[in-house]
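Q: Handing you this structure, nothing more for now.
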Amino acid sequence: MMKKISHIGIAVQNLDENVHLYRDVLGMEFLGTEEVEEQKVKVAMFRIGEARIELLEPTADDSPIAKFLASRGQGMHHICYEVDDVDDSLQQVADSGVRLIDRESRRGAGNSKVGFLHPKSTGGVLVELNSHE
Ligand code: CO
């Protein structure tokens, strides 16, 4: 069902500082930034091989990323696997008894469909699934 690692999400306080780190110091290919209003985050993407690094900065105090930063600090936030169709995959894992955060897909960065599994069911790791239309 999982095709490959799409990206690793990292929560940061300051996107610009970390764009400098990943682009200029670590030398990753910078793919640009995008605001995802639905999730109240600003995202910066970098290509690393077939996968990407997704830096996430909250744009509001009630953003899930703001809550994460307040309780856990900066650091790894989620891992995202690419699938053929997020809604099909969410249904399959739900049928196997895995708890979901999203019962249905929602819009993610770059015109993708995304859905999250609950870390209580996935060994403490927040797992995102994504697929492109
Ligand atoms: Co993500």
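Here's how to read the names in the structure tokens: chain A, B, ... by the order shown, residue numbers from 1 in each chain, ligand numbers from 1 in the order shown.
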Taking a cut-off of 9 Å and counting only C-alpha atoms and all ligand atoms, can you build a table that, for each residue of chain A near ligand 1, reports the nearest atom pair and how far apart they are in Å (one decimal), sorted by chain then residue number, as JSON lines?

A:
{"residue": "A:Ser6", "atom": "CA", "partner": "ligand 1", "partner_atom_place_in_ligand_line": "1 (Co)", "distance": 8.3}
{"residue": "A:His7", "atom": "CA", "partner": "ligand 1", "partner_atom_place_in_ligand_line": "1 (Co)", "distance": 6.4}
{"residue": "A:Ile8", "atom": "CA", "partner": "ligand 1", "partner_atom_place_in_ligand_line": "1 (Co)", "distance": 6.6}
{"residue": "A:Gly9", "atom": "CA", "partner": "ligand 1", "partner_atom_place_in_ligand_line": "1 (Co)", "distance": 5.2}
{"residue": "A:Ile10", "atom": "CA", "partner": "ligand 1", "partner_atom_place_in_ligand_line": "1 (Co)", "distance": 8.6}
{"residue": "A:Val43", "atom": "CA", "partner": "ligand 1", "partner_atom_place_in_ligand_line": "1 (Co)", "distance": 8.9}
{"residue": "A:Ile53", "atom": "CA", "partner": "ligand 1", "partner_atom_place_in_ligand_line": "1 (Co)", "distance": 8.8}
{"residue": "A:Glu54", "atom": "CA", "partner": "ligand 1", "partner_atom_place_in_ligand_line": "1 (Co)", "distance": 6.4}
{"residue": "A:Leu55", "atom": "CA", "partner": "ligand 1", "partner_atom_place_in_ligand_line": "1 (Co)", "distance": 8.7}
{"residue": "A:Leu56", "atom": "CA", "partner": "ligand 1", "partner_atom_place_in_ligand_line": "1 (Co)", "distance": 8.5}
{"residue": "A:His77", "atom": "CA", "partner": "ligand 1", "partner_atom_place_in_ligand_line": "1 (Co)", "distance": 8.6}
{"residue": "A:His78", "atom": "CA", "partner": "ligand 1", "partner_atom_place_in_ligand_line": "1 (Co)", "distance": 6.7}
{"residue": "A:Ile79", "atom": "CA", "partner": "ligand 1", "partner_atom_place_in_ligand_line": "1 (Co)", "distance": 6.9}
{"residue": "A:Cys80", "atom": "CA", "partner": "ligand 1", "partner_atom_place_in_ligand_line": "1 (Co)", "distance": 5.7}
{"residue": "A:Gly108", "atom": "CA", "partner": "ligand 1", "partner_atom_place_in_ligand_line": "1 (Co)", "distance": 7.6}
{"residue": "A:Ala109", "atom": "CA", "partner": "ligand 1", "partner_atom_place_in_ligand_line": "1 (Co)", "distance": 7.9}
{"residue": "A:Val114", "atom": "CA", "partner": "ligand 1", "partner_atom_place_in_ligand_line": "1 (Co)", "distance": 7.9}
{"residue": "A:Val127", "atom": "CA", "partner": "ligand 1", "partner_atom_place_in_ligand_line": "1 (Co)", "distance": 8.7}
{"residue": "A:Glu128", "atom": "CA", "partner": "ligand 1", "partner_atom_place_in_ligand_line": "1 (Co)", "distance": 6.3}
{"residue": "A:Leu129", "atom": "CA", "partner": "ligand 1", "partner_atom_place_in_ligand_line": "1 (Co)", "distance": 8.2}
{"residue": "A:Asn130", "atom": "CA", "partner": "ligand 1", "partner_atom_place_in_ligand_line": "1 (Co)", "distance": 8.1}

Q: Please, could you write that set of residues out with N, CA, C and O atoms as a tab-separated table (two decimals), in the first residue's frame?

A:
chain	number	residue	atom	x	y	z
A	6	SER	N	7.31	10.03	1.14
A	6	SER	CA	7.06	11.29	0.44
A	6	SER	C	7.92	12.39	1.05
A	6	SER	O	8.69	13.05	0.37
A	7	HIS	N	7.75	12.58	2.36
A	7	HIS	CA	8.53	13.62	3.03
A	7	HIS	C	8.55	13.39	4.54
A	7	HIS	O	7.77	12.59	5.07
A	8	ILE	N	9.45	14.11	5.18
A	8	ILE	CA	9.52	14.14	6.64
A	8	ILE	C	9.19	15.55	7.05
A	8	ILE	O	9.75	16.52	6.50
A	9	GLY	N	8.24	15.69	7.97
A	9	GLY	CA	7.80	17.01	8.44
A	9	GLY	C	8.53	17.39	9.71
A	9	GLY	O	8.63	16.60	10.65
A	10	ILE	N	9.04	18.62	9.74
A	10	ILE	CA	9.80	19.12	10.88
A	10	ILE	C	9.19	20.45	11.31
A	10	ILE	O	9.02	21.35	10.50
A	43	VAL	N	4.74	26.37	4.84
A	43	VAL	CA	5.54	25.19	4.57
A	43	VAL	C	6.70	25.57	3.65
A	43	VAL	O	6.51	26.31	2.69
A	53	ILE	N	12.01	17.21	2.43
A	53	ILE	CA	11.94	17.68	3.81
A	53	ILE	C	10.92	18.81	3.81
A	53	ILE	O	10.97	19.69	2.96
A	54	GLU	N	9.97	18.75	4.73
A	54	GLU	CA	8.91	19.74	4.84
A	54	GLU	C	9.06	20.47	6.17
A	54	GLU	O	8.83	19.87	7.22
A	55	LEU	N	9.45	21.74	6.11
A	55	LEU	CA	9.54	22.53	7.34
A	55	LEU	C	8.20	23.22	7.56
A	55	LEU	O	7.60	23.76	6.62
A	56	LEU	N	7.72	23.20	8.79
A	56	LEU	CA	6.39	23.72	9.12
A	56	LEU	C	6.48	24.80	10.18
A	56	LEU	O	6.99	24.56	11.28
A	77	HIS	N	8.17	16.10	13.31
A	77	HIS	CA	6.74	16.16	13.58
A	77	HIS	C	6.00	14.98	12.98
A	77	HIS	O	5.16	14.37	13.65
A	78	HIS	N	6.27	14.62	11.73
A	78	HIS	CA	5.59	13.48	11.12
A	78	HIS	C	6.39	12.90	9.97
A	78	HIS	O	7.30	13.54	9.45
A	79	ILE	N	6.03	11.68	9.59
A	79	ILE	CA	6.59	11.07	8.39
A	79	ILE	C	5.42	10.83	7.44
A	79	ILE	O	4.32	10.47	7.88
A	80	CYS	N	5.65	11.11	6.17
A	80	CYS	CA	4.57	10.98	5.19
A	80	CYS	C	4.92	9.94	4.14
A	80	CYS	O	6.00	9.99	3.53
A	108	GLY	N	-3.68	19.15	1.07
A	108	GLY	CA	-2.36	19.43	1.61
A	108	GLY	C	-1.59	20.35	0.68
A	108	GLY	O	-2.16	20.90	-0.26
A	109	ALA	N	-0.30	20.51	0.94
A	109	ALA	CA	0.54	21.37	0.10
A	109	ALA	C	0.64	20.79	-1.30
A	109	ALA	O	0.52	19.58	-1.51
A	114	VAL	N	-4.26	14.65	1.61
A	114	VAL	CA	-3.53	14.10	2.75
A	114	VAL	C	-4.50	13.62	3.82
A	114	VAL	O	-5.66	14.04	3.87
A	127	VAL	N	1.78	9.67	11.46
A	127	VAL	CA	1.93	9.20	10.08
A	127	VAL	C	0.93	9.94	9.19
A	127	VAL	O	-0.26	9.97	9.47
A	128	GLU	N	1.46	10.53	8.12
A	128	GLU	CA	0.63	11.18	7.11
A	128	GLU	C	0.65	10.32	5.85
A	128	GLU	O	1.68	9.70	5.53
A	129	LEU	N	-0.45	10.25	5.18
A	129	LEU	CA	-0.52	9.61	3.86
A	129	LEU	C	-0.81	10.70	2.85
A	129	LEU	O	-1.59	11.62	3.14
A	130	ASN	N	-0.18	10.62	1.67
A	130	ASN	CA	-0.58	11.58	0.64
A	130	ASN	C	-0.64	10.95	-0.73
A	130	ASN	O	-0.04	9.89	-0.99

Q: Please report, as a VMD selection string, each residue of chain A to which DSSP assigns helix (DSSP H, G or I) when run on this structure's backbone.

A: chain A and resid 15 to 25 37 to 39 64 to 72 86 to 95 109 to 111 119 to 121

Q: For N, CA, C and O atoms, I'd like the residues from the last selection saved as a compact mmCIF listing (two decimals), in the first residue's frame.

A:
# COMPACT_ATOMS: atom_id res chain seq x y z
N LEU A 15 10.71 29.92 9.97
CA LEU A 15 10.93 29.29 8.66
C LEU A 15 12.17 29.85 7.96
O LEU A 15 12.98 29.09 7.42
N ASP A 16 12.33 31.19 7.98
CA ASP A 16 13.44 31.82 7.24
C ASP A 16 14.81 31.33 7.71
O ASP A 16 15.67 31.00 6.91
N GLU A 17 14.98 31.26 9.04
CA GLU A 17 16.25 30.77 9.59
C GLU A 17 16.54 29.35 9.11
O GLU A 17 17.67 29.00 8.82
N ASN A 18 15.50 28.55 9.06
CA ASN A 18 15.70 27.15 8.71
C ASN A 18 15.79 26.94 7.19
O ASN A 18 16.45 26.00 6.75
N VAL A 19 15.20 27.84 6.41
CA VAL A 19 15.41 27.79 4.96
C VAL A 19 16.90 28.04 4.70
O VAL A 19 17.53 27.34 3.90
N HIS A 20 17.46 29.00 5.40
CA HIS A 20 18.90 29.27 5.27
C HIS A 20 19.71 28.01 5.60
O HIS A 20 20.60 27.62 4.85
N LEU A 21 19.37 27.36 6.70
CA LEU A 21 20.10 26.15 7.11
C LEU A 21 20.02 25.06 6.05
O LEU A 21 21.04 24.52 5.61
N TYR A 22 18.82 24.73 5.62
CA TYR A 22 18.64 23.59 4.72
C TYR A 22 19.15 23.90 3.31
O TYR A 22 19.73 23.05 2.66
N ARG A 23 18.93 25.13 2.84
CA ARG A 23 19.32 25.48 1.48
C ARG A 23 20.80 25.84 1.39
O ARG A 23 21.53 25.29 0.57
N ASP A 24 21.24 26.75 2.27
CA ASP A 24 22.58 27.33 2.11
C ASP A 24 23.66 26.54 2.83
O ASP A 24 24.79 26.48 2.38
N VAL A 25 23.31 25.96 3.97
CA VAL A 25 24.32 25.24 4.75
C VAL A 25 24.31 23.75 4.38
O VAL A 25 25.34 23.18 4.07
N GLU A 37 -3.64 27.17 4.33
CA GLU A 37 -4.56 27.84 5.25
C GLU A 37 -5.34 26.85 6.10
O GLU A 37 -5.56 27.07 7.29
N GLU A 38 -5.76 25.77 5.46
CA GLU A 38 -6.58 24.78 6.15
C GLU A 38 -5.88 24.21 7.39
O GLU A 38 -6.51 23.87 8.37
N GLN A 39 -4.54 24.12 7.30
CA GLN A 39 -3.79 23.56 8.43
C GLN A 39 -3.04 24.63 9.23
O GLN A 39 -2.30 24.30 10.16
N PRO A 64 -2.17 23.37 14.73
CA PRO A 64 -1.65 22.13 15.35
C PRO A 64 -0.13 22.19 15.55
O PRO A 64 0.38 21.64 16.52
N ILE A 65 0.56 22.92 14.67
CA ILE A 65 2.02 23.03 14.80
C ILE A 65 2.39 23.94 15.98
O ILE A 65 3.37 23.69 16.69
N ALA A 66 1.60 24.98 16.23
CA ALA A 66 1.84 25.84 17.39
C ALA A 66 1.69 25.04 18.68
O ALA A 66 2.49 25.17 19.61
N LYS A 67 0.68 24.17 18.71
CA LYS A 67 0.46 23.33 19.90
C LYS A 67 1.62 22.35 20.08
O LYS A 67 2.07 22.11 21.20
N PHE A 68 2.08 21.78 18.97
CA PHE A 68 3.21 20.86 19.02
C PHE A 68 4.46 21.56 19.57
O PHE A 68 5.14 21.05 20.45
N LEU A 69 4.75 22.76 19.04
CA LEU A 69 5.94 23.50 19.48
C LEU A 69 5.85 23.85 20.96
O LEU A 69 6.84 23.78 21.67
N ALA A 70 4.64 24.20 21.41
CA ALA A 70 4.46 24.58 22.82
C ALA A 70 4.71 23.40 23.75
O ALA A 70 5.29 23.55 24.82
N SER A 71 4.30 22.20 23.32
CA SER A 71 4.43 21.06 24.23
C SER A 71 5.72 20.27 24.02
O SER A 71 6.28 19.74 24.97
N ARG A 72 6.22 20.20 22.80
CA ARG A 72 7.38 19.35 22.52
C ARG A 72 8.60 20.11 22.06
O ARG A 72 9.70 19.55 22.01
N VAL A 86 -5.41 8.37 -1.02
CA VAL A 86 -5.46 8.55 0.43
C VAL A 86 -6.76 8.00 1.01
O VAL A 86 -6.75 7.31 2.03
N ASP A 87 -7.88 8.29 0.36
CA ASP A 87 -9.16 7.86 0.92
C ASP A 87 -9.27 6.33 0.98
O ASP A 87 -9.75 5.78 1.97
N ASP A 88 -8.80 5.65 -0.07
CA ASP A 88 -8.79 4.18 -0.06
C ASP A 88 -7.92 3.66 1.08
O ASP A 88 -8.30 2.73 1.80
N SER A 89 -6.74 4.25 1.25
CA SER A 89 -5.80 3.79 2.27
C SER A 89 -6.34 4.06 3.68
O SER A 89 -6.19 3.23 4.57
N LEU A 90 -6.95 5.23 3.88
CA LEU A 90 -7.53 5.54 5.20
C LEU A 90 -8.59 4.51 5.55
O LEU A 90 -8.67 4.01 6.69
N GLN A 91 -9.40 4.17 4.56
CA GLN A 91 -10.45 3.17 4.77
C GLN A 91 -9.85 1.82 5.15
O GLN A 91 -10.28 1.17 6.10
N GLN A 92 -8.81 1.42 4.41
CA GLN A 92 -8.16 0.12 4.68
C GLN A 92 -7.58 0.05 6.08
O GLN A 92 -7.75 -0.94 6.77
N VAL A 93 -6.84 1.09 6.50
CA VAL A 93 -6.22 1.02 7.83
C VAL A 93 -7.28 1.13 8.92
O VAL A 93 -7.17 0.48 9.97
N ALA A 94 -8.33 1.90 8.68
CA ALA A 94 -9.42 1.99 9.66
C ALA A 94 -10.09 0.62 9.83
O ALA A 94 -10.40 0.21 10.94
N ASP A 95 -10.27 -0.09 8.72
CA ASP A 95 -10.87 -1.43 8.77
C ASP A 95 -10.01 -2.40 9.57
O ASP A 95 -10.50 -3.40 10.09
N ALA A 109 -0.30 20.51 0.94
CA ALA A 109 0.54 21.37 0.10
C ALA A 109 0.64 20.79 -1.30
O ALA A 109 0.52 19.58 -1.51
N GLY A 110 0.85 21.67 -2.27
CA GLY A 110 1.10 21.23 -3.64
C GLY A 110 -0.05 20.47 -4.27
O GLY A 110 0.18 19.53 -5.02
N ASN A 111 -1.28 20.86 -3.95
CA ASN A 111 -2.46 20.25 -4.55
C ASN A 111 -2.55 18.73 -4.31
O ASN A 111 -3.00 17.97 -5.17
N PRO A 119 -1.14 8.77 16.23
CA PRO A 119 0.11 8.19 16.74
C PRO A 119 -0.09 7.11 17.82
O PRO A 119 0.78 6.28 18.02
N LYS A 120 -1.25 7.13 18.51
CA LYS A 120 -1.51 6.09 19.51
C LYS A 120 -1.58 4.71 18.85
O LYS A 120 -1.39 3.69 19.50
N SER A 121 -1.91 4.68 17.55
CA SER A 121 -2.02 3.40 16.83
C SER A 121 -0.79 3.09 15.99
O SER A 121 -0.74 2.04 15.35

Q: Identify, with DSSP run on backbone atoms, the residues in segment 4-118 of chain A assigned to strand (DSSP E), and express the list as number ranges by chain.

A: A: 4-11, 29-36, 41-48, 51-58, 75-82, 106-107, 112-117

Q: Neighbouring residues of Glu35 of chain A were defined as those with any atom within 9 Å, considering only C-alpha atoms; residues of the same chain fewer than 5 positions away were excluded. Please report them as number ranges by chain.

A: A: 40-44, 59, 109

Q: Next, dump the selected residues to file, keeping only C-alpha atoms, as an mmCIF file, in the first residue's frame.

A:
data_model
loop_
_atom_site.group_PDB
_atom_site.id
_atom_site.type_symbol
_atom_site.label_atom_id
_atom_site.label_comp_id
_atom_site.auth_asym_id
_atom_site.auth_seq_id
_atom_site.Cartn_x
_atom_site.Cartn_y
_atom_site.Cartn_z
ATOM 1 C CA LYS A 40 -2.661 27.045 9.566
ATOM 2 C CA VAL A 41 0.935 26.498 8.557
ATOM 3 C CA LYS A 42 3.535 27.925 6.232
ATOM 4 C CA VAL A 43 5.543 25.191 4.566
ATOM 5 C CA ALA A 44 9.014 25.178 3.001
ATOM 6 C CA THR A 59 0.602 30.879 11.183
ATOM 7 C CA ALA A 109 0.537 21.368 0.105
#

Q: With distances taken over only C-alpha atoms, which of A:Phe116, A:Ser131, A:Arg107, A:Glu82 is nearest to Lys3 of chain A?

A: A:Glu82
